[in-house]
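Asks: Enclosed is the structure file my_file.cif (mmCIF, N, CA and C atoms).
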data_final
loop_
_atom_site.label_atom_id
_atom_site.label_comp_id
_atom_site.auth_asym_id
_atom_site.auth_seq_id
_atom_site.Cartn_x
_atom_site.Cartn_y
_atom_site.Cartn_z
N MET A 8 4.10 -24.76 15.25
CA MET A 8 2.97 -25.58 14.90
C MET A 8 2.79 -25.67 13.39
N HIS A 9 3.07 -24.64 12.69
CA HIS A 9 2.89 -24.63 11.25
C HIS A 9 4.23 -24.72 10.55
N SER A 10 4.22 -25.29 9.36
CA SER A 10 5.46 -25.40 8.60
C SER A 10 5.18 -25.11 7.14
N ILE A 11 6.23 -24.95 6.38
CA ILE A 11 6.13 -24.62 4.96
C ILE A 11 6.66 -25.80 4.16
N SER A 12 5.90 -26.19 3.13
CA SER A 12 6.36 -27.27 2.28
C SER A 12 7.56 -26.81 1.46
N ASP A 13 8.34 -27.76 0.99
CA ASP A 13 9.53 -27.42 0.20
C ASP A 13 9.19 -26.59 -1.03
N GLU A 14 8.10 -26.95 -1.73
CA GLU A 14 7.76 -26.23 -2.96
C GLU A 14 7.29 -24.81 -2.69
N ALA A 15 6.75 -24.53 -1.51
CA ALA A 15 6.25 -23.20 -1.19
C ALA A 15 7.28 -22.36 -0.44
N HIS A 16 8.41 -22.94 -0.12
CA HIS A 16 9.40 -22.31 0.75
C HIS A 16 9.84 -20.93 0.26
N TYR A 17 9.94 -20.73 -1.04
CA TYR A 17 10.46 -19.46 -1.57
C TYR A 17 9.37 -18.53 -2.08
N ASP A 18 8.12 -18.90 -1.93
CA ASP A 18 7.01 -18.05 -2.36
C ASP A 18 6.84 -16.92 -1.34
N PRO A 19 6.95 -15.64 -1.78
CA PRO A 19 6.88 -14.54 -0.82
C PRO A 19 5.54 -14.45 -0.09
N GLU A 20 4.45 -14.80 -0.75
CA GLU A 20 3.15 -14.76 -0.09
C GLU A 20 3.04 -15.84 0.98
N ILE A 21 3.56 -17.01 0.68
CA ILE A 21 3.56 -18.08 1.68
C ILE A 21 4.45 -17.68 2.86
N GLN A 22 5.57 -17.06 2.58
CA GLN A 22 6.45 -16.59 3.65
C GLN A 22 5.73 -15.56 4.53
N ARG A 23 4.96 -14.67 3.90
CA ARG A 23 4.22 -13.64 4.64
C ARG A 23 3.16 -14.29 5.54
N ILE A 24 2.41 -15.24 4.98
CA ILE A 24 1.38 -15.93 5.76
C ILE A 24 2.03 -16.74 6.88
N PHE A 25 3.17 -17.37 6.58
CA PHE A 25 3.89 -18.11 7.62
C PHE A 25 4.24 -17.18 8.78
N GLY A 26 4.63 -15.95 8.46
CA GLY A 26 4.93 -14.97 9.50
C GLY A 26 3.72 -14.65 10.36
N LEU A 27 2.53 -14.59 9.73
CA LEU A 27 1.31 -14.33 10.49
C LEU A 27 0.96 -15.53 11.38
N TRP A 28 1.14 -16.75 10.86
CA TRP A 28 0.93 -17.94 11.69
C TRP A 28 1.93 -17.95 12.85
N SER A 29 3.15 -17.57 12.58
CA SER A 29 4.18 -17.54 13.63
C SER A 29 3.81 -16.54 14.72
N ARG A 30 3.29 -15.39 14.30
CA ARG A 30 2.86 -14.39 15.29
C ARG A 30 1.73 -14.95 16.14
N LEU A 31 0.78 -15.62 15.50
CA LEU A 31 -0.33 -16.23 16.24
C LEU A 31 0.20 -17.26 17.24
N ASP A 32 1.09 -18.12 16.78
CA ASP A 32 1.68 -19.12 17.68
C ASP A 32 2.41 -18.45 18.84
N GLN A 33 3.12 -17.37 18.56
CA GLN A 33 3.84 -16.65 19.62
C GLN A 33 2.86 -16.14 20.67
N GLU A 34 1.74 -15.60 20.24
CA GLU A 34 0.75 -15.09 21.20
C GLU A 34 0.15 -16.24 22.01
N ILE A 35 -0.12 -17.35 21.37
CA ILE A 35 -0.67 -18.51 22.07
C ILE A 35 0.31 -19.02 23.12
N PHE A 36 1.59 -19.06 22.77
CA PHE A 36 2.60 -19.63 23.66
C PHE A 36 3.21 -18.61 24.63
N THR A 37 2.61 -17.41 24.72
CA THR A 37 3.05 -16.40 25.69
C THR A 37 1.90 -16.14 26.65
N PRO A 38 1.81 -16.92 27.72
CA PRO A 38 0.67 -16.78 28.63
C PRO A 38 0.70 -15.48 29.43
N ASN A 39 -0.48 -15.09 29.85
CA ASN A 39 -0.62 -13.95 30.75
C ASN A 39 -0.19 -14.39 32.15
N PRO A 40 0.13 -13.44 33.03
CA PRO A 40 0.50 -13.82 34.40
C PRO A 40 -0.59 -14.69 35.04
N GLY A 41 -0.17 -15.78 35.65
CA GLY A 41 -1.10 -16.68 36.31
C GLY A 41 -1.79 -17.66 35.39
N GLU A 42 -1.45 -17.64 34.13
CA GLU A 42 -2.08 -18.51 33.14
C GLU A 42 -1.02 -19.48 32.61
N SER A 43 -1.43 -20.68 32.27
CA SER A 43 -0.48 -21.64 31.72
C SER A 43 -0.61 -21.70 30.20
N VAL A 44 0.45 -22.14 29.56
CA VAL A 44 0.42 -22.33 28.11
C VAL A 44 -0.64 -23.37 27.76
N LEU A 45 -0.77 -24.39 28.58
CA LEU A 45 -1.76 -25.44 28.31
C LEU A 45 -3.18 -24.88 28.31
N GLU A 46 -3.45 -23.93 29.20
CA GLU A 46 -4.77 -23.29 29.21
C GLU A 46 -5.01 -22.56 27.90
N ARG A 47 -3.99 -21.87 27.42
CA ARG A 47 -4.13 -21.11 26.17
C ARG A 47 -4.30 -22.04 24.98
N MET A 48 -3.58 -23.16 25.01
CA MET A 48 -3.65 -24.11 23.90
C MET A 48 -4.98 -24.86 23.88
N ALA A 49 -5.67 -24.92 25.01
CA ALA A 49 -6.94 -25.64 25.10
C ALA A 49 -8.06 -24.94 24.35
N THR A 50 -7.87 -23.67 24.03
CA THR A 50 -8.87 -22.89 23.31
C THR A 50 -8.38 -22.62 21.90
N ASP A 51 -9.21 -22.92 20.91
CA ASP A 51 -8.85 -22.62 19.52
C ASP A 51 -8.68 -21.12 19.35
N ALA A 52 -7.76 -20.73 18.51
CA ALA A 52 -7.47 -19.30 18.30
C ALA A 52 -8.72 -18.52 17.91
N TRP A 53 -9.56 -19.10 17.08
CA TRP A 53 -10.76 -18.41 16.60
C TRP A 53 -11.83 -18.30 17.69
N GLU A 54 -11.66 -18.99 18.81
CA GLU A 54 -12.60 -18.89 19.93
C GLU A 54 -11.99 -18.18 21.14
N SER A 55 -10.74 -17.79 21.04
CA SER A 55 -10.05 -17.16 22.16
C SER A 55 -10.62 -15.78 22.44
N GLN A 56 -10.66 -15.45 23.72
CA GLN A 56 -11.07 -14.11 24.14
C GLN A 56 -9.86 -13.24 24.48
N ASP A 57 -8.67 -13.82 24.43
CA ASP A 57 -7.45 -13.06 24.72
C ASP A 57 -7.25 -12.02 23.63
N PRO A 58 -7.09 -10.74 23.98
CA PRO A 58 -6.97 -9.69 22.97
C PRO A 58 -5.77 -9.86 22.03
N ARG A 59 -4.66 -10.37 22.54
CA ARG A 59 -3.48 -10.56 21.68
C ARG A 59 -3.71 -11.68 20.67
N ILE A 60 -4.30 -12.76 21.12
CA ILE A 60 -4.60 -13.86 20.20
C ILE A 60 -5.65 -13.42 19.20
N ARG A 61 -6.68 -12.71 19.66
CA ARG A 61 -7.73 -12.21 18.75
C ARG A 61 -7.13 -11.30 17.68
N ALA A 62 -6.23 -10.41 18.08
CA ALA A 62 -5.62 -9.49 17.12
C ALA A 62 -4.80 -10.24 16.08
N ALA A 63 -4.04 -11.23 16.52
CA ALA A 63 -3.24 -12.03 15.58
C ALA A 63 -4.14 -12.82 14.64
N TRP A 64 -5.23 -13.36 15.16
CA TRP A 64 -6.17 -14.12 14.32
C TRP A 64 -6.86 -13.20 13.32
N GLU A 65 -7.27 -12.03 13.77
CA GLU A 65 -7.91 -11.06 12.87
C GLU A 65 -6.96 -10.64 11.75
N GLU A 66 -5.70 -10.44 12.09
CA GLU A 66 -4.73 -10.07 11.07
C GLU A 66 -4.54 -11.20 10.06
N LEU A 67 -4.45 -12.42 10.55
CA LEU A 67 -4.29 -13.58 9.68
C LEU A 67 -5.47 -13.75 8.74
N THR A 68 -6.69 -13.57 9.25
CA THR A 68 -7.89 -13.82 8.46
C THR A 68 -8.43 -12.57 7.76
N ASP A 69 -7.62 -11.53 7.71
CA ASP A 69 -8.01 -10.32 6.98
C ASP A 69 -8.31 -10.70 5.53
N PRO A 70 -9.38 -10.18 4.95
CA PRO A 70 -9.74 -10.54 3.58
C PRO A 70 -8.63 -10.31 2.55
N THR A 71 -7.73 -9.39 2.80
CA THR A 71 -6.63 -9.19 1.85
C THR A 71 -5.70 -10.40 1.79
N ASN A 72 -5.80 -11.28 2.78
CA ASN A 72 -4.96 -12.48 2.81
C ASN A 72 -5.60 -13.68 2.12
N LEU A 73 -6.78 -13.50 1.54
CA LEU A 73 -7.50 -14.64 0.96
C LEU A 73 -6.68 -15.40 -0.09
N PRO A 74 -6.06 -14.75 -1.06
CA PRO A 74 -5.28 -15.52 -2.04
C PRO A 74 -4.13 -16.31 -1.39
N ALA A 75 -3.44 -15.67 -0.46
CA ALA A 75 -2.31 -16.35 0.18
C ALA A 75 -2.77 -17.47 1.09
N LEU A 76 -3.88 -17.28 1.82
CA LEU A 76 -4.40 -18.35 2.67
C LEU A 76 -4.90 -19.52 1.84
N THR A 77 -5.47 -19.22 0.67
CA THR A 77 -5.91 -20.29 -0.23
C THR A 77 -4.72 -21.12 -0.67
N GLU A 78 -3.65 -20.44 -1.03
CA GLU A 78 -2.43 -21.14 -1.43
C GLU A 78 -1.84 -21.92 -0.25
N TRP A 79 -1.84 -21.30 0.92
CA TRP A 79 -1.33 -21.96 2.12
C TRP A 79 -2.10 -23.25 2.40
N ALA A 80 -3.43 -23.16 2.35
CA ALA A 80 -4.28 -24.31 2.67
C ALA A 80 -4.15 -25.43 1.65
N ALA A 81 -3.64 -25.13 0.47
CA ALA A 81 -3.47 -26.15 -0.57
C ALA A 81 -2.27 -27.06 -0.31
N GLN A 82 -1.43 -26.71 0.65
CA GLN A 82 -0.27 -27.55 0.97
C GLN A 82 -0.76 -28.90 1.51
N SER A 83 -0.08 -29.93 1.14
CA SER A 83 -0.52 -31.27 1.53
C SER A 83 0.23 -31.85 2.72
N ASN A 84 1.23 -31.16 3.21
CA ASN A 84 2.10 -31.75 4.24
C ASN A 84 1.75 -31.34 5.67
N MET A 85 0.51 -30.95 5.94
CA MET A 85 0.14 -30.51 7.28
C MET A 85 -0.32 -31.68 8.14
N HIS A 86 0.01 -31.60 9.42
CA HIS A 86 -0.56 -32.58 10.35
C HIS A 86 -2.00 -32.17 10.64
N ALA A 87 -2.76 -33.02 11.27
CA ALA A 87 -4.20 -32.84 11.43
C ALA A 87 -4.57 -31.52 12.10
N GLU A 88 -3.88 -31.15 13.16
CA GLU A 88 -4.24 -29.92 13.88
C GLU A 88 -3.93 -28.67 13.04
N ALA A 89 -2.82 -28.68 12.33
CA ALA A 89 -2.49 -27.55 11.45
C ALA A 89 -3.50 -27.47 10.31
N ARG A 90 -3.93 -28.61 9.78
CA ARG A 90 -4.94 -28.63 8.72
C ARG A 90 -6.24 -28.03 9.23
N ARG A 91 -6.64 -28.43 10.42
CA ARG A 91 -7.89 -27.92 11.01
C ARG A 91 -7.83 -26.40 11.17
N ALA A 92 -6.74 -25.89 11.72
CA ALA A 92 -6.60 -24.44 11.91
C ALA A 92 -6.53 -23.71 10.57
N SER A 93 -5.82 -24.28 9.61
CA SER A 93 -5.70 -23.65 8.29
C SER A 93 -7.04 -23.60 7.58
N ASP A 94 -7.79 -24.70 7.66
CA ASP A 94 -9.12 -24.72 7.04
C ASP A 94 -10.05 -23.70 7.69
N MET A 95 -9.98 -23.58 9.01
CA MET A 95 -10.82 -22.60 9.70
C MET A 95 -10.40 -21.18 9.33
N ALA A 96 -9.12 -20.92 9.27
CA ALA A 96 -8.65 -19.58 8.88
C ALA A 96 -9.14 -19.23 7.48
N LEU A 97 -9.05 -20.18 6.57
CA LEU A 97 -9.50 -19.94 5.20
C LEU A 97 -11.01 -19.70 5.18
N ARG A 98 -11.76 -20.49 5.92
CA ARG A 98 -13.22 -20.32 5.96
C ARG A 98 -13.59 -18.94 6.50
N ILE A 99 -12.97 -18.55 7.60
CA ILE A 99 -13.29 -17.25 8.20
C ILE A 99 -12.85 -16.11 7.29
N CYS A 100 -11.70 -16.26 6.66
CA CYS A 100 -11.23 -15.24 5.72
C CYS A 100 -12.21 -15.08 4.56
N ARG A 101 -12.70 -16.19 4.04
CA ARG A 101 -13.70 -16.13 2.95
C ARG A 101 -14.98 -15.45 3.42
N GLU A 102 -15.43 -15.77 4.63
CA GLU A 102 -16.63 -15.14 5.18
C GLU A 102 -16.43 -13.63 5.33
N ARG A 103 -15.28 -13.25 5.84
CA ARG A 103 -14.99 -11.83 6.00
C ARG A 103 -14.92 -11.13 4.64
N ALA A 104 -14.34 -11.80 3.65
CA ALA A 104 -14.24 -11.22 2.31
C ALA A 104 -15.63 -11.04 1.69
N ALA A 105 -16.55 -11.94 2.04
CA ALA A 105 -17.91 -11.87 1.51
C ALA A 105 -18.79 -10.92 2.34
N GLY A 106 -18.21 -10.35 3.40
CA GLY A 106 -18.96 -9.42 4.24
C GLY A 106 -19.86 -10.09 5.26
N GLN A 107 -19.62 -11.36 5.53
CA GLN A 107 -20.40 -12.08 6.53
C GLN A 107 -19.78 -11.87 7.90
N PRO A 108 -20.61 -11.95 8.95
CA PRO A 108 -20.06 -11.76 10.31
C PRO A 108 -19.11 -12.86 10.73
#
What would you get if you wrote out this structure as structure tokens?

Replies:
Amino acid sequence: MHSISDEAHYDPEIQRIFGLWSRLDQEIFTPNPGESVLERMATDAWESQDPRIRAAWEELTDPTNLPALTEWAAQSNMHAEARRASDMALRICRERAAGQP
């Protein structure tokens, strides 16, 4: 779902954040028994109650990732859904960094 722009391809922080997005995508696309991938995709990661998705989202939005998420969100080559998720991750990361719930 997420990709790296050519200019950010070799930035180690962008590579690290890309790895966290990849982990989140992996959790979303690995359904629990009796669950479909479509069911998992119908819920935004930040609203998911699945413990694996929640853990991946929490790791991604950890306040220590704020500089890298800011750089990630500055990329201009995202499709609409990736932009929406990236903006939400950045917003939640900023809130967590500021000590907000």

Asks: Using DSSP assignments from the backbone, pull out every residue in chain A that falls under alpha helix (DSSP H) and give it to me as a PyMOL selection string.

Replies: chain A and resi 19-35+44-48+58-67+73-80+87-104

Asks: Could you expand the PyMOL selection byres (((chain A and resi 86-96 and name CA) around 8) and name CA) into the explicit residues it covers here, written as a list in words?

Replies: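 Checking the PyMOL selection byres (((chain A and resi 86-96 and name CA) around 8) and name CA) against this file, the residues are Met8, His9, Leu67, Thr68, Leu76, Trp79, Ala80, Asn84, Met85, Leu97, Arg98, Ile99 and Cys100 of chain A.
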
Asks: By how many Å are atom C of Asp18 in chain A and atom C of Ala75 in chain A apart?

Replies: 9.9 Å

Asks: Which residues would end up in the selection if the PyMOL selection byres (((chain A and resi 35-50 and name CA) around 12) and name CA) were applied here, given that I need the answer as a list of chain:residue names?

Replies: A:Met8, A:Trp28, A:Ser29, A:Arg30, A:Leu31, A:Asp32, A:Gln33, A:Glu34, A:Asp51, A:Ala52, A:Trp53, A:Glu54, A:Ser55, A:Gln56, A:Asp57, A:Pro58, A:Arg59, A:Ile60, A:Arg61, A:Ala62, A:Ala63, A:Trp64, A:Glu88, A:Ala92

Asks: Rounded to one decimal in Å, what is the spacing between atom C of Glu102 in chain A and CA of Gln22 in chain A?

Replies: 23.1 Å

Asks: May I have the residues within 10 Å of Glu78 in chain A as a CSV table (one decimal) with N, CA and C atoms, in the coordinates of the input, using only C-alpha atoms and disregarding those fewer than 4 positions away in the same chain?

Replies:
chain,number,residue,atom,x,y,z
A,15,ALA,N,6.8,-24.5,-1.5
A,15,ALA,CA,6.2,-23.2,-1.2
A,15,ALA,C,7.3,-22.4,-0.4
A,18,ASP,N,8.1,-18.9,-1.9
A,18,ASP,CA,7.0,-18.0,-2.4
A,18,ASP,C,6.8,-16.9,-1.3
A,20,GLU,N,4.4,-14.8,-0.8
A,20,GLU,CA,3.2,-14.8,-0.1
A,20,GLU,C,3.0,-15.8,1.0
A,21,ILE,N,3.6,-17.0,0.7
A,21,ILE,CA,3.6,-18.1,1.7
A,21,ILE,C,4.4,-17.7,2.9
A,24,ILE,N,2.4,-15.2,5.0
A,24,ILE,CA,1.4,-15.9,5.8
A,24,ILE,C,2.0,-16.7,6.9
A,72,ASN,N,-5.8,-11.3,2.8
A,72,ASN,CA,-5.0,-12.5,2.8
A,72,ASN,C,-5.6,-13.7,2.1
A,73,LEU,N,-6.8,-13.5,1.5
A,73,LEU,CA,-7.5,-14.6,1.0
A,73,LEU,C,-6.7,-15.4,-0.1
A,74,PRO,N,-6.1,-14.8,-1.1
A,74,PRO,CA,-5.3,-15.5,-2.0
A,74,PRO,C,-4.1,-16.3,-1.4
A,82,GLN,N,-1.4,-26.7,0.6
A,82,GLN,CA,-0.3,-27.6,1.0
A,82,GLN,C,-0.8,-28.9,1.5
A,97,LEU,N,-9.0,-20.2,6.6
A,97,LEU,CA,-9.5,-19.9,5.2
A,97,LEU,C,-11.0,-19.7,5.2

Asks: In Å, with one decimal, what is the gap from CA of Arg103 in chain A to CA of Glu66 in chain A?

Replies: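 Separation between CA of Arg103 in chain A and CA of Glu66 in chain A: 11.6 Å.
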
Asks: Box time for range 23-35 of chain A: axis-aligned, enclosing all its listed atoms, 4 Å extra on each side; report centre and edge lengths in Å to one decimal, as AutoDock Vina command-line options.

Replies:
--center_x 2.1 --center_y -16.4 --center_z 13.5 --size_x 13.6 --size_y 13.5 --size_z 27.2
